[in-house]
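Participant: coords-v3.txt is the file, holding compact mmCIF, C-alpha atoms and all ligand atoms:
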```txt
# COMPACT_ATOMS: atom_id res chain seq x y z
CA MET A 79 14.61 -13.31 -42.58
CA GLN A 80 14.68 -16.40 -40.39
CA ASN A 81 13.71 -19.77 -41.78
CA GLU A 82 10.01 -20.40 -41.05
CA TRP A 83 10.51 -24.11 -40.41
CA GLU A 84 13.25 -23.42 -37.87
CA LEU A 85 11.07 -20.82 -36.14
CA ARG A 86 8.15 -23.26 -35.89
CA LYS A 87 10.46 -25.80 -34.24
CA HIS A 88 11.75 -23.16 -31.83
CA ILE A 89 8.21 -22.08 -30.88
CA VAL A 90 7.36 -25.73 -30.11
CA GLU A 91 10.54 -25.96 -27.98
CA VAL A 92 9.79 -22.76 -26.02
CA GLY A 93 6.20 -23.98 -25.51
CA LYS A 94 7.60 -27.16 -23.94
CA ARG A 95 9.88 -25.15 -21.67
CA ILE A 96 7.17 -22.80 -20.37
CA TRP A 97 4.90 -25.78 -19.66
CA MET A 98 7.60 -27.94 -18.02
CA ARG A 99 8.70 -25.05 -15.82
CA GLY A 100 5.11 -24.56 -14.64
CA TYR A 101 4.80 -21.10 -16.19
CA VAL A 102 1.39 -22.09 -17.61
CA ALA A 103 -1.50 -24.36 -16.61
CA ALA A 104 -3.74 -26.29 -19.00
CA ASN A 105 -3.91 -24.43 -22.34
CA ASP A 106 -2.74 -21.05 -21.02
CA GLY A 107 -0.06 -18.83 -22.50
CA ASN A 108 0.87 -17.80 -26.00
CA ILE A 109 3.99 -17.20 -28.06
CA THR A 110 4.45 -15.19 -31.25
CA VAL A 111 7.35 -14.44 -33.58
CA LEU A 112 7.44 -11.78 -36.28
CA LEU A 113 8.32 -13.72 -39.42
CA ASN A 114 8.77 -10.65 -41.63
CA GLU A 115 7.27 -7.16 -42.07
CA ASN A 116 3.78 -8.56 -42.76
CA GLU A 117 3.54 -11.99 -41.16
CA VAL A 118 3.42 -13.35 -37.61
CA LEU A 119 3.72 -16.94 -36.40
CA THR A 120 1.49 -17.70 -33.42
CA THR A 121 0.64 -20.58 -31.10
CA PRO A 122 -2.88 -22.07 -31.30
CA THR A 123 -5.63 -21.63 -28.75
CA GLY A 124 -7.05 -24.62 -26.85
CA VAL A 125 -3.79 -26.59 -26.87
CA SER A 126 -1.31 -27.19 -24.05
CA LYS A 127 1.87 -25.35 -24.96
CA GLY A 128 3.79 -28.43 -23.78
CA PHE A 129 2.29 -30.64 -26.48
CA MET A 130 2.42 -28.59 -29.66
CA THR A 131 3.70 -29.80 -33.02
CA THR A 132 5.08 -27.57 -35.79
CA ASP A 133 1.94 -27.99 -37.95
CA MET A 134 -0.18 -26.42 -35.17
CA ILE A 135 1.63 -23.09 -35.47
CA ILE A 136 -0.49 -20.57 -37.38
CA LYS A 137 0.64 -17.82 -39.76
CA CYS A 138 -1.29 -14.52 -39.54
CA ASP A 139 -0.99 -11.03 -40.96
CA ARG A 140 -0.29 -8.00 -38.74
CA GLN A 141 -4.04 -7.51 -38.24
CA GLY A 142 -4.49 -11.06 -36.92
CA ASN A 143 -6.13 -12.57 -40.01
CA VAL A 144 -5.11 -16.18 -40.59
CA ILE A 145 -2.96 -16.64 -43.73
CA THR A 146 -1.88 -20.26 -43.49
CA LYS A 147 -4.05 -22.74 -41.73
CA SER A 148 -2.71 -26.26 -42.06
CA SER A 149 -5.17 -27.65 -39.54
CA ASN A 150 -8.27 -26.77 -37.53
CA TYR A 151 -6.33 -24.75 -35.00
CA ARG A 152 -7.14 -21.09 -34.38
CA PRO A 153 -4.90 -18.33 -32.97
CA SER A 154 -5.32 -17.28 -29.36
CA SER A 155 -7.69 -14.42 -28.59
CA GLU A 156 -4.67 -12.81 -26.88
CA LEU A 157 -3.00 -12.35 -30.27
CA LYS A 158 -4.26 -8.72 -30.12
CA MET A 159 -1.93 -8.07 -27.19
CA HIS A 160 1.08 -9.38 -29.18
CA LEU A 161 0.13 -7.38 -32.30
CA GLU A 162 -0.07 -4.23 -30.18
CA VAL A 163 3.53 -4.82 -29.06
CA TYR A 164 4.77 -5.18 -32.67
CA LYS A 165 2.91 -1.98 -33.59
CA GLU A 166 4.42 0.04 -30.75
CA ARG A 167 7.89 -1.48 -30.73
CA PRO A 168 9.47 -2.05 -34.17
CA ASP A 169 12.60 -3.41 -32.44
CA VAL A 170 10.64 -6.34 -30.94
CA LYS A 171 10.53 -9.57 -32.97
CA SER A 172 8.99 -11.98 -30.45
CA VAL A 173 6.54 -11.90 -27.52
CA VAL A 174 5.96 -14.51 -24.82
CA HIS A 175 2.93 -14.47 -22.51
CA ALA A 176 2.62 -16.85 -19.54
CA HIS A 177 1.33 -17.07 -15.95
CA PRO A 178 4.48 -18.00 -13.97
CA PRO A 179 3.40 -18.41 -10.32
CA TYR A 180 5.85 -16.13 -8.48
CA ALA A 181 5.70 -13.26 -10.99
CA THR A 182 1.91 -13.65 -11.21
CA SER A 183 1.68 -13.57 -7.40
CA PHE A 184 3.32 -10.14 -7.43
CA ALA A 185 0.88 -9.10 -10.19
CA VAL A 186 -2.04 -10.30 -8.02
CA ALA A 187 -0.66 -8.64 -4.89
CA GLY A 188 -0.24 -5.38 -6.82
CA ILE A 189 3.49 -5.22 -6.01
CA PRO A 190 5.75 -4.22 -8.92
CA LEU A 191 9.24 -5.75 -9.14
CA ASP A 192 10.81 -2.32 -9.34
CA LYS A 193 13.72 -2.47 -6.89
CA CYS A 194 17.40 -3.03 -7.64
CA VAL A 195 17.95 -6.48 -6.23
CA LEU A 196 19.81 -8.84 -8.59
CA PRO A 197 22.51 -7.67 -11.05
CA GLU A 198 21.31 -9.87 -13.95
CA ALA A 199 17.71 -8.67 -13.54
CA ILE A 200 18.75 -5.00 -13.27
CA ILE A 201 20.57 -5.29 -16.61
CA VAL A 202 18.15 -7.53 -18.52
CA ILE A 203 14.63 -6.56 -17.39
CA GLY A 204 15.10 -3.49 -15.12
CA ALA A 205 12.14 -2.30 -13.08
CA VAL A 206 9.11 -4.45 -13.95
CA PRO A 207 5.85 -2.46 -13.83
CA ILE A 208 2.28 -3.73 -13.48
CA ALA A 209 -0.15 -2.89 -16.28
CA PRO A 210 -3.69 -2.41 -14.90
CA TYR A 211 -6.16 -5.27 -15.27
CA GLY A 212 -7.98 -5.72 -18.56
CA LEU A 213 -10.52 -8.34 -19.61
CA PRO A 214 -8.68 -11.13 -21.47
CA SER A 215 -9.40 -11.45 -25.21
CA THR A 216 -10.78 -7.88 -25.47
CA SER A 217 -9.00 -4.72 -26.61
CA GLU A 218 -8.72 -3.76 -22.93
CA ILE A 219 -5.38 -5.53 -22.52
CA PRO A 220 -3.72 -3.94 -25.61
CA ASP A 221 -4.97 -0.53 -24.35
CA LYS A 222 -3.70 -1.10 -20.82
CA ILE A 223 -0.23 -2.37 -21.80
CA ARG A 224 0.45 0.38 -24.38
CA PRO A 225 2.05 2.92 -22.00
CA PHE A 226 4.24 0.22 -20.38
CA ILE A 227 5.61 -1.53 -23.47
CA LYS A 228 7.21 1.73 -24.62
CA ASN A 229 9.80 1.52 -21.81
CA SER A 230 9.93 -2.10 -20.63
CA ASP A 231 10.58 -5.55 -22.08
CA ALA A 232 9.02 -7.30 -19.06
CA ILE A 233 5.59 -6.35 -17.75
CA LEU A 234 3.33 -7.84 -15.11
CA LEU A 235 -0.37 -7.95 -16.00
CA GLU A 236 -2.50 -7.17 -12.95
CA ASN A 237 -4.39 -10.25 -11.66
CA HIS A 238 -3.35 -12.16 -14.77
CA GLY A 239 0.30 -12.97 -15.58
CA ALA A 240 3.38 -11.67 -17.37
CA LEU A 241 4.54 -10.53 -20.79
CA THR A 242 8.09 -10.42 -22.13
CA LEU A 243 9.38 -8.91 -25.36
CA GLY A 244 12.55 -9.79 -27.24
CA SER A 245 14.76 -9.15 -30.25
CA ASP A 246 14.14 -12.83 -31.07
CA LEU A 247 12.19 -15.76 -29.63
CA PHE A 248 14.81 -16.99 -27.16
CA ASN A 249 15.58 -13.42 -26.07
CA ALA A 250 11.88 -12.96 -25.15
CA TYR A 251 11.70 -16.40 -23.48
CA TYR A 252 14.86 -15.90 -21.40
CA LYS A 253 13.41 -12.63 -20.09
CA MET A 254 10.42 -14.67 -18.85
CA GLU A 255 12.88 -17.00 -17.05
CA THR A 256 14.77 -14.03 -15.56
CA LEU A 257 11.49 -12.43 -14.45
CA GLU A 258 10.20 -15.58 -12.72
CA HIS A 259 13.59 -16.37 -11.17
CA THR A 260 13.81 -12.81 -9.78
CA ALA A 261 10.23 -12.90 -8.49
CA SER A 262 10.89 -16.20 -6.67
CA ILE A 263 14.06 -14.84 -5.02
CA VAL A 264 12.43 -11.55 -3.99
CA TRP A 265 9.51 -13.55 -2.56
CA LYS A 266 11.88 -15.79 -0.54
CA ALA A 267 13.98 -12.85 0.70
CA ILE A 268 10.80 -11.16 1.93
CA GLN A 269 9.89 -14.41 3.75
CA LEU A 270 13.35 -14.37 5.37
CA GLY A 271 12.53 -10.91 6.66
CA ASN A 272 14.88 -8.66 4.67
CA LEU A 273 15.19 -7.40 1.11
CA ASN A 274 18.57 -5.73 0.57
CA VAL A 275 18.42 -3.18 -2.23
CA LEU A 276 21.60 -2.30 -4.16
CA PRO A 277 22.63 1.36 -3.76
CA THR A 278 22.40 3.93 -6.59
CA GLN A 279 26.12 3.75 -7.30
CA GLU A 280 26.00 -0.03 -7.92
CA ARG A 281 22.87 0.33 -10.01
CA ASP A 282 24.55 2.98 -12.17
CA ARG A 283 27.61 0.76 -12.66
CA LEU A 284 25.33 -2.06 -13.82
CA MET A 285 23.49 0.25 -16.22
CA SER A 286 26.87 1.28 -17.71
CA LEU A 287 27.64 -2.40 -18.21
CA ARG A 288 24.33 -2.76 -20.05
CA GLU A 289 25.40 0.08 -22.33
CA ASN A 290 28.82 -1.48 -22.90
CA PHE A 291 27.26 -4.85 -23.73
CA ASN A 292 25.03 -3.01 -26.21
CA LEU A 293 22.05 -5.14 -25.18
CA PRO A 294 18.90 -4.92 -27.32
CA GLY A 295 15.53 -3.84 -25.90
CA ARG A 296 14.42 -1.29 -23.33
CA VAL A 297 14.55 -1.23 -19.55
CA THR A 298 13.20 1.18 -16.98
CA VAL A 299 15.90 1.91 -14.40
CA CYS A 300 15.07 0.19 -11.11
CA SER A 301 14.91 1.97 -7.76
CA SER A 302 17.63 1.93 -5.12
CA ASP A 303 15.25 3.33 -2.55
CA PRO A 304 14.14 0.43 -0.31
CA ASN A 305 10.87 2.28 0.41
CA HIS A 306 10.13 3.11 -3.20
CA ALA A 307 6.66 2.37 -4.59
CA THR A 308 6.48 -1.25 -3.52
CA GLN A 309 3.00 -0.87 -2.25
CA SER A 310 -0.24 -2.51 -3.08
CA LYS A 311 -1.86 -1.10 -6.20
CA ASN A 312 -5.15 -2.02 -4.64
CA PRO A 313 -6.00 0.63 -2.05
CA GLN A 314 -9.14 -1.31 -1.11
CA THR A 315 -7.02 -4.17 0.23
CA ASN A 316 -5.02 -1.72 2.34
CA THR A 317 -8.17 -0.07 3.66
CA VAL A 318 -9.57 -3.44 4.75
CA ASN A 319 -6.32 -4.35 6.49
CA GLU A 320 -6.03 -1.00 8.26
CA GLY A 321 -9.67 -1.23 9.34
CA MET A 322 -9.11 -4.74 10.70
CA ILE A 323 -6.02 -3.59 12.62
CA GLN A 324 -7.94 -0.67 14.09
CA ASP A 325 -10.76 -3.01 15.21
CA ILE A 326 -8.25 -5.29 16.93
CA VAL A 327 -6.51 -2.35 18.65
CA GLU A 328 -9.87 -1.04 19.86
CA GLN A 329 -10.86 -4.46 21.20
CA VAL A 330 -7.53 -4.81 23.07
CA LEU A 331 -7.87 -1.31 24.53
CA ASN A 332 -11.46 -2.00 25.63
CA ASN A 333 -10.38 -5.27 27.27
CA LEU A 334 -7.58 -3.46 29.12
CA LYS A 335 -9.94 -0.71 30.19
CA ASN A 336 -12.44 -3.27 31.49
CA LYS A 337 -9.70 -5.06 33.44
CA LEU A 338 -8.33 -1.82 34.91
CA THR A 339 -11.75 -0.52 35.94
CA LYS A 340 -12.74 -3.80 37.66
ZN ZN A 401 -3.00 -15.08 -20.00
```
Represent the structure from my file as structure tokens, please.
Ligand SMILES: [Zn+2]

Facilitator:
Amino acid sequence: MQNEWELRKHIVEVGKRIWMRGYVAANDGNITVLLNENEVLTTPTGVSKGFMTTDMIIKCDRQGNVITKSSNYRPSSELKMHLEVYKERPDVKSVVHAHPPYATSFAVAGIPLDKCVLPEAIIVIGAVPIAPYGLPSTSEIPDKIRPFIKNSDAILLENHGALTLGSDLFNAYYKMETLEHTASIVWKAIQLGNLNVLPTQERDRLMSLRENFNLPGRVTVCSSDPNHATQSKNPQTNTVNEGMIQDIVEQVLNNLKNKLTK
């Protein structure tokens, strides 16, 4: 069992890092660590994660009931989402939730980060899926993430943010860094007009490396098919765009027709 005092200090440190890197705004985000079989340390609600002190960290049981309350702080309503992860994944000891802008942009656009692009990301987080939208603070989010946390340590939350799971606190936090770093590079490559995807053979070699390194956690193997599944999860958006394009084409054709018949 890890020392509780040390863990509280580390949670404060990771809170500072997610805030300083712009992964959260205002009082957003939450961090938990499984202290032992029955107890969880969690960040408080209503506090910027960049300005926490160790006494603000709250100890809860696995059902979310507060055990040790050294102050007036309360756990986040998103604690349910973290507790769901610990229930489904006994190998996970820490969960980080944030709204990093590039990763969250993909979550808003409905585009999963599921292609084989960067070696480090292929090994550490694999294909990152998008869990469908759920109303924050309700049981909708735990329900929606359940199928995804079985096979992935990094998940995008539709129109919301990101969630990373780890064998310890820094393992979960570094996956958040890898996720955001990957999302920013994929975004920029798309802006440059080309996203090179590593072929199956290279992907398989990287997955063998992962096995050799004996890395903890679970990854879904990413796709080497450049046309694979990177499409909007929101068909309505596509319909609107296609309709707009059709309108424009029709207008151009009508204009041409008018000119030709004059
Ligand atoms: Zn959130």

Participant: Please, which residues have at least one atom within 8 Å of an atom of ligand ZN 401 (chain A), using all atoms listed in the file, listed as a list of chain:residue names?

Facilitator: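 Checking all atoms listed in the file against ligand ZN 401 (chain A) at 8 Å gives A:Asp106, A:Gly107, A:Asn108, A:Glu156, A:His175, A:Ala176, A:His177, A:Pro214, A:His238, A:Gly239, A:Ala240.
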
Participant: With C-alpha atoms retained, could you export that selection as a CSV table (one decimal), in the coordinates of the input?

Facilitator:
```csv
chain,number,residue,atom,x,y,z
A,106,ASP,CA,-2.7,-21.0,-21.0
A,107,GLY,CA,-0.1,-18.8,-22.5
A,108,ASN,CA,0.9,-17.8,-26.0
A,156,GLU,CA,-4.7,-12.8,-26.9
A,175,HIS,CA,2.9,-14.5,-22.5
A,176,ALA,CA,2.6,-16.8,-19.5
A,177,HIS,CA,1.3,-17.1,-16.0
A,214,PRO,CA,-8.7,-11.1,-21.5
A,238,HIS,CA,-3.4,-12.2,-14.8
A,239,GLY,CA,0.3,-13.0,-15.6
A,240,ALA,CA,3.4,-11.7,-17.4
```

Participant: Can you pull out the residues contacting range 244-254 of chain A? Cut-off 6 Å, using all atoms listed in the file, and skip same-chain residues under 2 positions away; I want them as a list in words.

Facilitator: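 Answer for this query is Val170, Lys171, Ser172, Val173, Thr242, Thr256 and Leu257 of chain A.
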
Participant: Quote the spacing between CA of Asp221 in chain A and CA of Glu162 in chain A in Å to one decimal place.

Facilitator: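 If I compute the distance from CA of Asp221 in chain A to CA of Glu162 in chain A, I get 8.5 Å.
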
Participant: Between CA of Ile208 in chain A and CA of Gly188 in chain A, what distance in Å does the model show, to one decimal?

Facilitator: 7.3 Å

Participant: Between A:Ile268, A:Leu284, A:Val92, A:Ile227, single out the one closest to Glu166 in chain A, counting only C-alpha atoms.

Facilitator: A:Ile227

Participant: Around all the atoms of range 260-275 of chain A listed in the file, draw an axis-aligned box and extend it by 8 Å on each of the six sides; I want its centre and edge lengths in Å to one decimal, as AutoDock Vina command-line options.

Facilitator:
```
--center_x 14.0 --center_y -9.7 --center_z -1.6 --size_x 25.1 --size_y 29.0 --size_z 32.4
```

Participant: Please identify all polymer residues within 7 Å of Val186 in chain A, counting only C-alpha atoms, omitting same-chain residues fewer than 4 positions from it, and present them as a VMD selection string.

Facilitator: chain A and resid 182 236 to 237

Participant: Here is a test: counting only C-alpha atoms, which residue of A:Leu234, A:Val90, A:Val202, A:Met98 is nearest to Asn292 in chain A?

Facilitator: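 Using only C-alpha atoms, the shortest distance to Asn292 in chain A belongs to A:Val202.
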
Participant: Report, in Å with one decimal, the straight-line distance from CA of Leu191 in chain A to CA of Ala261 in chain A.

Facilitator: 7.2 Å

Participant: At a cut-off of 10 Å, using all atoms listed in the file, what residues contact Ile223 in chain A? Leave out same-chain residues fewer than 6 positions from it and give the result as a compact mmCIF listing (two decimals) with C-alpha atoms, keeping the file's coordinate frame.

Facilitator:
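Result file follows (out.txt):
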```txt
# COMPACT_ATOMS: atom_id res chain seq x y z
CA MET A 159 -1.93 -8.07 -27.19
CA GLU A 162 -0.07 -4.23 -30.18
CA VAL A 163 3.53 -4.82 -29.06
CA ILE A 208 2.28 -3.73 -13.48
CA ALA A 209 -0.15 -2.89 -16.28
CA PRO A 210 -3.69 -2.41 -14.90
CA TYR A 211 -6.16 -5.27 -15.27
CA GLY A 212 -7.98 -5.72 -18.56
CA ILE A 233 5.59 -6.35 -17.75
CA LEU A 234 3.33 -7.84 -15.11
CA LEU A 235 -0.37 -7.95 -16.00
CA LEU A 241 4.54 -10.53 -20.79
```

Participant: Calculated over only C-alpha atoms, which of the candidates A:Arg140, A:Arg296, A:Arg86, A:Arg224 has the smallest distance to Ala205 in chain A?

Facilitator: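 Among the listed residues, the smallest separation from Ala205 in chain A belongs to A:Arg296.
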
Participant: Smallest atom-to-atom distance to His259 in chain A: which of A:Ile219, A:Val275, A:Ala181, A:Cys194, using all atoms listed in the file?

Facilitator: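 Of A:Ile219, A:Val275, A:Ala181, A:Cys194, the one nearest His259 in chain A, counting all atoms listed in the file, is A:Ala181.
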
Participant: Fewer than 4 positions away in the same chain doesn't count, so skip those; otherwise give me all residues within 9 Å of Cys138 in chain A, counting all atoms listed in the file, as a compact mmCIF listing (two decimals) with C-alpha atoms, in the coordinates of the input.

Facilitator:
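Result went into result_12.txt, see below:
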```txt
# COMPACT_ATOMS: atom_id res chain seq x y z
CA ASN A 116 3.78 -8.56 -42.76
CA GLU A 117 3.54 -11.99 -41.16
CA VAL A 118 3.42 -13.35 -37.61
CA LEU A 119 3.72 -16.94 -36.40
CA THR A 120 1.49 -17.70 -33.42
CA GLY A 142 -4.49 -11.06 -36.92
CA ASN A 143 -6.13 -12.57 -40.01
CA VAL A 144 -5.11 -16.18 -40.59
CA ILE A 145 -2.96 -16.64 -43.73
CA THR A 146 -1.88 -20.26 -43.49
CA LYS A 147 -4.05 -22.74 -41.73
CA PRO A 153 -4.90 -18.33 -32.97
```

Participant: Out of A:Leu273, A:Thr278, A:Ala103, A:Thr298, which residue has the shortest atom-to-atom distance to Phe226 in chain A when counting only C-alpha atoms?

Facilitator: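 Smallest distance to Phe226 in chain A is found for A:Thr298.
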